[in-house]
$ cat input.cif   # mmCIF, N, CA and C atoms
data_final
#
loop_
_atom_site.label_atom_id
_atom_site.label_comp_id
_atom_site.auth_asym_id
_atom_site.auth_seq_id
_atom_site.Cartn_x
_atom_site.Cartn_y
_atom_site.Cartn_z
N MET I 295 112.30 81.83 104.98
CA MET I 295 112.00 83.24 104.77
C MET I 295 112.64 84.09 105.87
N LYS I 296 112.80 83.48 107.07
CA LYS I 296 113.35 84.23 108.18
C LYS I 296 114.79 84.65 107.94
N LYS I 297 115.55 83.84 107.19
CA LYS I 297 116.94 84.17 106.93
C LYS I 297 117.09 85.17 105.78
N LEU I 298 116.13 85.18 104.89
CA LEU I 298 116.20 86.11 103.77
C LEU I 298 115.90 87.55 104.19
N LEU I 299 114.96 87.70 105.11
CA LEU I 299 114.47 89.03 105.46
C LEU I 299 114.04 89.03 106.93
N SER I 300 114.59 89.93 107.72
CA SER I 300 114.19 90.00 109.12
C SER I 300 112.81 90.64 109.24
N ALA I 301 112.17 90.37 110.35
CA ALA I 301 110.85 90.95 110.60
C ALA I 301 110.94 92.48 110.69
N GLN I 302 112.05 92.97 111.24
CA GLN I 302 112.22 94.42 111.37
C GLN I 302 112.33 95.09 109.99
N VAL I 303 113.05 94.46 109.09
CA VAL I 303 113.18 95.00 107.73
C VAL I 303 111.84 94.93 107.02
N ALA I 304 111.12 93.81 107.17
CA ALA I 304 109.80 93.67 106.55
C ALA I 304 108.87 94.75 107.08
N ALA I 305 108.91 95.00 108.39
CA ALA I 305 108.06 96.04 108.97
C ALA I 305 108.42 97.41 108.41
N GLY I 306 109.71 97.68 108.29
CA GLY I 306 110.14 98.97 107.72
C GLY I 306 109.69 99.15 106.28
N LEU I 307 109.81 98.09 105.49
CA LEU I 307 109.36 98.16 104.10
C LEU I 307 107.85 98.36 104.01
N LEU I 308 107.11 97.66 104.87
CA LEU I 308 105.65 97.82 104.87
C LEU I 308 105.25 99.24 105.26
N ILE I 309 105.88 99.77 106.29
CA ILE I 309 105.55 101.15 106.72
C ILE I 309 105.92 102.15 105.63
N ALA I 310 107.05 101.93 104.97
CA ALA I 310 107.43 102.82 103.87
C ALA I 310 106.42 102.75 102.73
N ALA I 311 105.99 101.53 102.37
CA ALA I 311 105.02 101.36 101.28
C ALA I 311 103.68 102.00 101.63
N PHE I 312 103.20 101.74 102.85
CA PHE I 312 101.92 102.33 103.25
C PHE I 312 102.05 103.85 103.41
N GLY I 313 103.22 104.32 103.81
CA GLY I 313 103.45 105.77 103.87
C GLY I 313 103.39 106.41 102.49
N LEU I 314 103.97 105.72 101.50
CA LEU I 314 103.90 106.23 100.13
C LEU I 314 102.46 106.22 99.61
N LEU I 315 101.71 105.19 99.99
CA LEU I 315 100.29 105.16 99.61
C LEU I 315 99.53 106.32 100.26
N MET I 316 99.88 106.62 101.51
CA MET I 316 99.25 107.76 102.18
C MET I 316 99.57 109.06 101.44
N LEU I 317 100.82 109.20 101.01
CA LEU I 317 101.22 110.39 100.24
C LEU I 317 100.41 110.48 98.96
N LEU I 318 100.23 109.35 98.28
CA LEU I 318 99.42 109.33 97.07
C LEU I 318 98.00 109.82 97.34
N HIS I 319 97.41 109.37 98.44
CA HIS I 319 96.04 109.79 98.78
C HIS I 319 95.99 111.26 99.20
N VAL I 320 97.03 111.75 99.86
CA VAL I 320 97.07 113.18 100.21
C VAL I 320 97.16 114.01 98.94
N LEU I 321 97.96 113.56 97.98
CA LEU I 321 98.04 114.27 96.70
C LEU I 321 96.68 114.26 95.99
N GLY I 322 95.95 113.15 96.15
CA GLY I 322 94.60 113.08 95.60
C GLY I 322 93.66 114.05 96.30
N LEU I 323 93.78 114.16 97.61
CA LEU I 323 92.96 115.11 98.37
C LEU I 323 93.23 116.55 97.95
N ARG I 324 94.48 116.85 97.69
CA ARG I 324 94.87 118.20 97.30
C ARG I 324 94.51 118.52 95.85
N GLY I 325 94.06 117.51 95.11
CA GLY I 325 93.69 117.72 93.72
C GLY I 325 94.86 117.66 92.76
N LEU I 326 96.03 117.23 93.24
CA LEU I 326 97.20 117.15 92.38
C LEU I 326 97.21 115.87 91.54
N ILE I 327 96.46 114.89 91.99
CA ILE I 327 96.29 113.64 91.24
C ILE I 327 94.79 113.41 91.11
N PRO I 328 94.29 113.13 89.92
CA PRO I 328 92.85 112.89 89.78
C PRO I 328 92.43 111.60 90.51
N PRO I 329 91.26 111.61 91.13
CA PRO I 329 90.80 110.42 91.87
C PRO I 329 90.71 109.17 90.99
N GLU I 330 90.43 109.36 89.70
CA GLU I 330 90.34 108.21 88.80
C GLU I 330 91.67 107.48 88.66
N LEU I 331 92.78 108.22 88.82
CA LEU I 331 94.09 107.59 88.73
C LEU I 331 94.35 106.72 89.96
N ILE I 332 93.83 107.13 91.10
CA ILE I 332 94.02 106.38 92.34
C ILE I 332 93.02 105.23 92.44
N TRP I 333 91.78 105.50 92.11
CA TRP I 333 90.69 104.55 92.36
C TRP I 333 90.15 103.86 91.12
N GLY I 334 90.51 104.33 89.97
CA GLY I 334 89.93 103.77 88.75
C GLY I 334 88.70 104.55 88.33
N LYS I 335 88.11 104.14 87.24
CA LYS I 335 86.98 104.89 86.67
C LYS I 335 85.71 104.77 87.49
N GLY I 336 85.61 103.77 88.35
CA GLY I 336 84.39 103.56 89.12
C GLY I 336 84.18 104.52 90.28
N ILE I 337 85.17 105.35 90.59
CA ILE I 337 85.05 106.25 91.73
C ILE I 337 83.92 107.26 91.54
N GLY I 338 83.66 107.64 90.32
CA GLY I 338 82.60 108.61 90.05
C GLY I 338 81.20 108.05 90.26
N SER I 339 81.05 106.74 90.26
CA SER I 339 79.73 106.13 90.41
C SER I 339 79.36 105.89 91.87
N LEU I 340 80.26 106.20 92.81
CA LEU I 340 79.95 106.01 94.23
C LEU I 340 78.97 107.06 94.71
N SER I 341 78.16 106.68 95.69
CA SER I 341 77.18 107.62 96.22
C SER I 341 77.79 108.55 97.26
N ILE I 342 79.03 108.29 97.69
CA ILE I 342 79.71 109.18 98.61
C ILE I 342 80.80 109.93 97.86
N SER I 343 81.23 111.03 98.42
CA SER I 343 82.20 111.87 97.72
C SER I 343 83.58 111.22 97.73
N PRO I 344 84.37 111.49 96.71
CA PRO I 344 85.74 110.99 96.70
C PRO I 344 86.55 111.49 97.90
N LEU I 345 86.20 112.67 98.41
CA LEU I 345 86.87 113.21 99.58
C LEU I 345 86.68 112.29 100.79
N THR I 346 85.47 111.80 100.98
CA THR I 346 85.19 110.88 102.08
C THR I 346 85.96 109.58 101.90
N VAL I 347 86.03 109.10 100.69
CA VAL I 347 86.76 107.86 100.40
C VAL I 347 88.24 108.06 100.70
N GLU I 348 88.79 109.20 100.33
CA GLU I 348 90.21 109.48 100.60
C GLU I 348 90.49 109.54 102.10
N PHE I 349 89.62 110.21 102.86
CA PHE I 349 89.83 110.27 104.31
C PHE I 349 89.72 108.88 104.94
N LEU I 350 88.80 108.09 104.47
CA LEU I 350 88.67 106.73 104.97
C LEU I 350 89.93 105.92 104.65
N SER I 351 90.45 106.07 103.45
CA SER I 351 91.67 105.38 103.05
C SER I 351 92.85 105.79 103.92
N LEU I 352 92.98 107.08 104.17
CA LEU I 352 94.07 107.55 105.02
C LEU I 352 93.95 106.99 106.44
N THR I 353 92.74 106.91 106.94
CA THR I 353 92.52 106.35 108.28
C THR I 353 92.91 104.88 108.33
N VAL I 354 92.49 104.11 107.34
CA VAL I 354 92.80 102.68 107.30
C VAL I 354 94.31 102.47 107.15
N LEU I 355 94.96 103.25 106.30
CA LEU I 355 96.41 103.12 106.13
C LEU I 355 97.15 103.48 107.41
N ALA I 356 96.68 104.50 108.13
CA ALA I 356 97.30 104.86 109.41
C ALA I 356 97.13 103.72 110.42
N LEU I 357 95.97 103.08 110.42
CA LEU I 357 95.75 101.93 111.29
C LEU I 357 96.69 100.78 110.92
N PHE I 358 96.86 100.52 109.64
CA PHE I 358 97.79 99.48 109.18
C PHE I 358 99.20 99.78 109.69
N ILE I 359 99.64 101.03 109.56
CA ILE I 359 100.98 101.42 110.00
C ILE I 359 101.12 101.24 111.51
N ALA I 360 100.10 101.61 112.27
CA ALA I 360 100.16 101.46 113.72
C ALA I 360 100.25 99.99 114.12
N VAL I 361 99.47 99.13 113.47
CA VAL I 361 99.50 97.69 113.77
C VAL I 361 100.87 97.11 113.45
N ILE I 362 101.43 97.48 112.31
CA ILE I 362 102.73 96.98 111.90
C ILE I 362 103.82 97.45 112.87
N ALA I 363 103.78 98.72 113.24
CA ALA I 363 104.77 99.26 114.18
C ALA I 363 104.65 98.59 115.55
N ALA I 364 103.44 98.32 115.99
CA ALA I 364 103.24 97.64 117.27
C ALA I 364 103.76 96.21 117.20
N ARG I 365 103.49 95.53 116.11
CA ARG I 365 103.95 94.15 115.96
C ARG I 365 105.49 94.09 115.91
N ALA I 366 106.11 95.09 115.31
CA ALA I 366 107.57 95.13 115.23
C ALA I 366 108.20 95.55 116.55
N GLY I 367 107.37 96.00 117.50
CA GLY I 367 107.90 96.43 118.78
C GLY I 367 108.29 97.89 118.83
N TRP I 368 107.93 98.65 117.80
CA TRP I 368 108.28 100.06 117.74
C TRP I 368 107.25 100.94 118.43
N LEU I 369 106.05 100.44 118.63
CA LEU I 369 105.01 101.11 119.41
C LEU I 369 104.62 100.17 120.54
N PRO I 370 104.26 100.72 121.71
CA PRO I 370 103.85 99.83 122.79
C PRO I 370 102.54 99.13 122.45
N SER I 371 102.48 97.85 122.81
CA SER I 371 101.27 97.08 122.58
C SER I 371 100.90 96.39 123.89
N HIS I 372 99.71 96.70 124.39
CA HIS I 372 99.25 96.08 125.63
C HIS I 372 98.55 94.77 125.37
N ALA I 373 98.32 94.47 124.12
CA ALA I 373 97.66 93.22 123.74
C ALA I 373 98.40 92.63 122.54
N PRO I 374 99.58 92.02 122.77
CA PRO I 374 100.38 91.53 121.65
C PRO I 374 99.69 90.44 120.85
N LYS I 375 98.83 89.65 121.48
CA LYS I 375 98.13 88.60 120.72
C LYS I 375 97.10 89.20 119.78
N ILE I 376 96.46 90.28 120.18
CA ILE I 376 95.51 90.96 119.30
C ILE I 376 96.27 91.63 118.15
N THR I 377 97.42 92.21 118.46
CA THR I 377 98.24 92.81 117.40
C THR I 377 98.68 91.74 116.41
N ALA I 378 99.09 90.58 116.92
CA ALA I 378 99.49 89.48 116.03
C ALA I 378 98.32 89.03 115.16
N ALA I 379 97.14 88.94 115.75
CA ALA I 379 95.95 88.55 114.98
C ALA I 379 95.63 89.60 113.92
N ALA I 380 95.82 90.87 114.25
CA ALA I 380 95.56 91.94 113.28
C ALA I 380 96.53 91.86 112.11
N VAL I 381 97.77 91.47 112.38
CA VAL I 381 98.74 91.32 111.28
C VAL I 381 98.34 90.15 110.39
N TRP I 382 97.88 89.05 111.00
CA TRP I 382 97.40 87.92 110.19
C TRP I 382 96.19 88.32 109.35
N LEU I 383 95.31 89.11 109.93
CA LEU I 383 94.14 89.60 109.18
C LEU I 383 94.58 90.50 108.02
N LEU I 384 95.56 91.34 108.28
CA LEU I 384 96.09 92.20 107.21
C LEU I 384 96.72 91.36 106.11
N PHE I 385 97.43 90.30 106.48
CA PHE I 385 98.00 89.39 105.49
C PHE I 385 96.90 88.79 104.62
N ALA I 386 95.83 88.30 105.25
CA ALA I 386 94.73 87.68 104.50
C ALA I 386 94.09 88.70 103.55
N LEU I 387 93.89 89.91 104.03
CA LEU I 387 93.30 90.97 103.20
C LEU I 387 94.19 91.28 102.00
N LEU I 388 95.49 91.43 102.24
CA LEU I 388 96.41 91.74 101.14
C LEU I 388 96.54 90.58 100.16
N LEU I 389 96.55 89.36 100.68
CA LEU I 389 96.62 88.20 99.80
C LEU I 389 95.39 88.11 98.91
N PHE I 390 94.21 88.28 99.50
CA PHE I 390 92.97 88.24 98.74
C PHE I 390 92.95 89.34 97.69
N HIS I 391 93.32 90.55 98.09
CA HIS I 391 93.34 91.67 97.16
C HIS I 391 94.37 91.45 96.06
N GLY I 392 95.53 90.91 96.42
CA GLY I 392 96.57 90.66 95.43
C GLY I 392 96.17 89.63 94.39
N VAL I 393 95.50 88.57 94.83
CA VAL I 393 95.03 87.55 93.89
C VAL I 393 93.98 88.16 92.96
N LEU I 394 93.08 88.97 93.52
CA LEU I 394 92.07 89.62 92.68
C LEU I 394 92.73 90.57 91.67
N ASP I 395 93.77 91.28 92.10
CA ASP I 395 94.49 92.17 91.18
C ASP I 395 95.05 91.40 90.00
N LEU I 396 95.54 90.19 90.26
CA LEU I 396 96.17 89.41 89.19
C LEU I 396 95.16 88.78 88.23
N ILE I 397 93.96 88.41 88.74
CA ILE I 397 93.03 87.67 87.87
C ILE I 397 91.92 88.53 87.29
N ASP I 398 91.71 89.75 87.81
CA ASP I 398 90.61 90.57 87.33
C ASP I 398 91.03 91.35 86.08
N PRO I 399 90.47 91.02 84.91
CA PRO I 399 90.86 91.72 83.69
C PRO I 399 90.25 93.11 83.56
N VAL I 400 89.32 93.46 84.42
CA VAL I 400 88.62 94.73 84.29
C VAL I 400 89.35 95.86 85.01
N LEU I 401 90.27 95.51 85.87
CA LEU I 401 90.97 96.53 86.64
C LEU I 401 91.67 97.53 85.73
N ASN I 402 91.68 98.76 86.18
CA ASN I 402 92.37 99.81 85.42
C ASN I 402 93.82 99.95 85.85
N MET I 403 94.25 99.11 86.77
CA MET I 403 95.62 99.17 87.26
C MET I 403 96.58 98.66 86.20
N PRO I 404 97.70 99.36 86.00
CA PRO I 404 98.69 98.86 85.05
C PRO I 404 99.20 97.47 85.47
N LEU I 405 99.48 96.65 84.50
CA LEU I 405 99.87 95.27 84.75
C LEU I 405 101.11 95.16 85.64
N PHE I 406 102.09 96.05 85.47
CA PHE I 406 103.31 95.95 86.25
C PHE I 406 103.09 96.28 87.73
N LEU I 407 101.99 96.95 88.08
CA LEU I 407 101.69 97.28 89.48
C LEU I 407 100.90 96.20 90.19
N ARG I 408 100.32 95.28 89.45
CA ARG I 408 99.45 94.28 90.06
C ARG I 408 100.15 93.39 91.09
N PRO I 409 101.40 92.98 90.90
CA PRO I 409 102.05 92.14 91.91
C PRO I 409 102.41 92.89 93.20
N PHE I 410 102.30 94.21 93.20
CA PHE I 410 102.67 95.02 94.36
C PHE I 410 101.94 94.56 95.63
N THR I 411 100.66 94.30 95.53
CA THR I 411 99.88 93.88 96.70
C THR I 411 100.34 92.52 97.20
N LEU I 412 100.70 91.63 96.29
CA LEU I 412 101.20 90.32 96.72
C LEU I 412 102.56 90.45 97.42
N ILE I 413 103.38 91.38 96.98
CA ILE I 413 104.65 91.63 97.65
C ILE I 413 104.39 92.14 99.07
N LEU I 414 103.43 93.05 99.21
CA LEU I 414 103.05 93.54 100.54
C LEU I 414 102.52 92.39 101.39
N ALA I 415 101.76 91.49 100.79
CA ALA I 415 101.25 90.33 101.53
C ALA I 415 102.39 89.46 102.03
N LEU I 416 103.40 89.23 101.20
CA LEU I 416 104.55 88.42 101.63
C LEU I 416 105.33 89.09 102.75
N LEU I 417 105.49 90.40 102.68
CA LEU I 417 106.15 91.13 103.76
C LEU I 417 105.33 91.03 105.06
N THR I 418 104.01 91.11 104.92
CA THR I 418 103.15 90.99 106.09
C THR I 418 103.22 89.58 106.67
N LEU I 419 103.29 88.57 105.81
CA LEU I 419 103.45 87.19 106.27
C LEU I 419 104.74 87.05 107.07
N ARG I 420 105.81 87.64 106.58
CA ARG I 420 107.08 87.58 107.31
C ARG I 420 106.94 88.19 108.70
N LEU I 421 106.26 89.31 108.79
CA LEU I 421 106.05 89.96 110.08
C LEU I 421 105.13 89.12 110.97
N ALA I 422 104.13 88.50 110.39
CA ALA I 422 103.20 87.68 111.16
C ALA I 422 103.89 86.44 111.71
N LEU I 423 104.88 85.92 111.02
CA LEU I 423 105.58 84.73 111.47
C LEU I 423 106.60 85.01 112.57
N SER I 424 106.89 86.27 112.82
CA SER I 424 107.87 86.60 113.86
C SER I 424 107.26 86.38 115.24
N LYS I 425 108.13 86.19 116.23
CA LYS I 425 107.66 85.99 117.59
C LYS I 425 107.19 87.32 118.16
N LEU I 426 106.32 87.24 119.15
CA LEU I 426 105.79 88.45 119.78
C LEU I 426 106.91 89.19 120.50
N PRO I 427 107.12 90.47 120.20
CA PRO I 427 108.24 91.18 120.81
C PRO I 427 108.08 91.44 122.30
N SER I 428 106.87 91.54 122.80
CA SER I 428 106.69 91.90 124.20
C SER I 428 106.18 90.73 125.05
N SER I 429 106.32 89.50 124.57
CA SER I 429 105.79 88.37 125.31
C SER I 429 106.83 87.65 126.15
N GLY I 430 108.05 88.15 126.17
CA GLY I 430 109.10 87.50 126.92
C GLY I 430 109.85 86.46 126.10
N GLN I 431 109.36 86.14 124.91
CA GLN I 431 110.06 85.21 124.04
C GLN I 431 111.18 85.96 123.34
N GLU I 432 112.17 85.21 122.90
CA GLU I 432 113.23 85.85 122.13
C GLU I 432 112.69 86.29 120.78
N LYS I 433 113.19 87.42 120.33
CA LYS I 433 112.85 87.82 118.97
C LYS I 433 113.60 86.92 118.01
N ASP I 434 112.99 86.63 116.85
CA ASP I 434 113.62 85.72 115.93
C ASP I 434 114.90 86.29 115.33
N GLU I 435 115.12 87.61 115.41
CA GLU I 435 116.33 88.19 114.87
C GLU I 435 117.52 87.96 115.80
N GLU I 436 117.26 87.64 117.08
CA GLU I 436 118.32 87.46 118.03
C GLU I 436 118.85 86.04 118.06
N LYS I 437 118.23 85.12 117.38
CA LYS I 437 118.68 83.73 117.36
C LYS I 437 119.94 83.62 116.50
N PRO I 438 120.85 82.71 116.87
CA PRO I 438 122.07 82.56 116.06
C PRO I 438 121.81 81.94 114.73
#
$ encode --input "input.cif" --output "structure tokens"
Amino acid sequence: MKKLLSAQVAAGLLIAAFGLLMLLHVLGLRGLIPPELIWGKGIGSLSISPLTVEFLSLTVLALFIAVIAARAGWLPSHAPKITAAAVWLLFALLLFHGVLDLIDPVLNMPLFLRPFTLILALLTLRLALSKLPSSGQEKDEEKP
């Protein structure tokens, strides 16, 4: 997998994807996209407002982007092992969510979008397998 896609490219693709998801949620906040399109029909049954859910989603996506950027070496990280563990945790979360997307027949998500989360999980796995950029080890992209 290391030869097919560098960790830097995987990080860039992940940040772009999460950035687009943030844009989708901002459009939902502005009322340009109905919350049911983003969250499915169950959003109306929540005891908290869709506005709160959108702000929470934006916060989590921003955290994901920060962790990915730190792991790629684009943001300073004073705890590279914690950043690496956070990327592994993100991989597990995306993998679990992706498998549920594929097997849950009740989801309102269109079938062609269901593999999207698994693709994000694979990109996150690629980033998780890279060496720590600030640990003094060589980055895997610099190897011949």
$ select_by_dssp --input "input.cif" --residues "range 311-408 of chain I" --states "helix (DSSP H, G or I)" --output "PyMOL selection string"
chain I and resi 311-323+329-333+335-339+344-365+374-397+405-407
$ atom_distance --input "input.cif" --atom1 "CA of Phe312 in chain I" --atom2 "CA of Ile376 in chain I"
20.7 Å
$ atom_distance --input "input.cif" --atom1 "CA of Leu389 in chain I" --atom2 "CA of Trp368 in chain I"
24.5 Å
$ resolve_selection --input "input.cif" --expression "the PyMOL selection byres (((chain I and resi 414-423 and name CA) around 6) and name CA)" --output "ChimeraX atom specification"
/I:301,304,381-382,385,388-389,411-413,424
$ residues_near_point --input "input.cif" --point "(101.0, 91.3, 91.6)" --cutoff "7 Å" --atoms "all atoms listed in the file" --output "VMD selection string"
chain I and resid 392 to 393 395 to 396 406 to 413
$ resolve_selection --input "input.cif" --expression "the PyMOL selection byres (((chain I and resi 309 and name CA) around 9) and name CA)" --output "list in words"
Ala304, Ala305, Gly306, Leu307, Leu308, Ala310, Ala311, Phe312, Gly313, Leu314, Phe358, Ile359, Ala360, Ile362 and Ala363 of chain I
$ closest_residue --input "input.cif" --among "I:Phe390, I:Ala373, I:Gly367, I:Ser343" --to "Lys425 in chain I" --atoms "only C-alpha atoms"
I:Gly367
$ atom_distance --input "input.cif" --atom1 "CA of His391 in chain I" --atom2 "atom N of Lys297 in chain I"
25.6 Å
$ closest_residue --input "input.cif" --among "I:Leu298, I:Leu318, I:Arg324, I:Ala386" --to "Leu352 in chain I" --atoms "only C-alpha atoms"
I:Leu318
$ axis_aligned_box --input "input.cif" --around "range 313-317 of chain I" --padding-each-side "5 Å" --output "JSON"
{"center_x": 101.6, "center_y": 107.4, "center_z": 101.4, "size_x": 14.7, "size_y": 16.2, "size_z": 14.9}
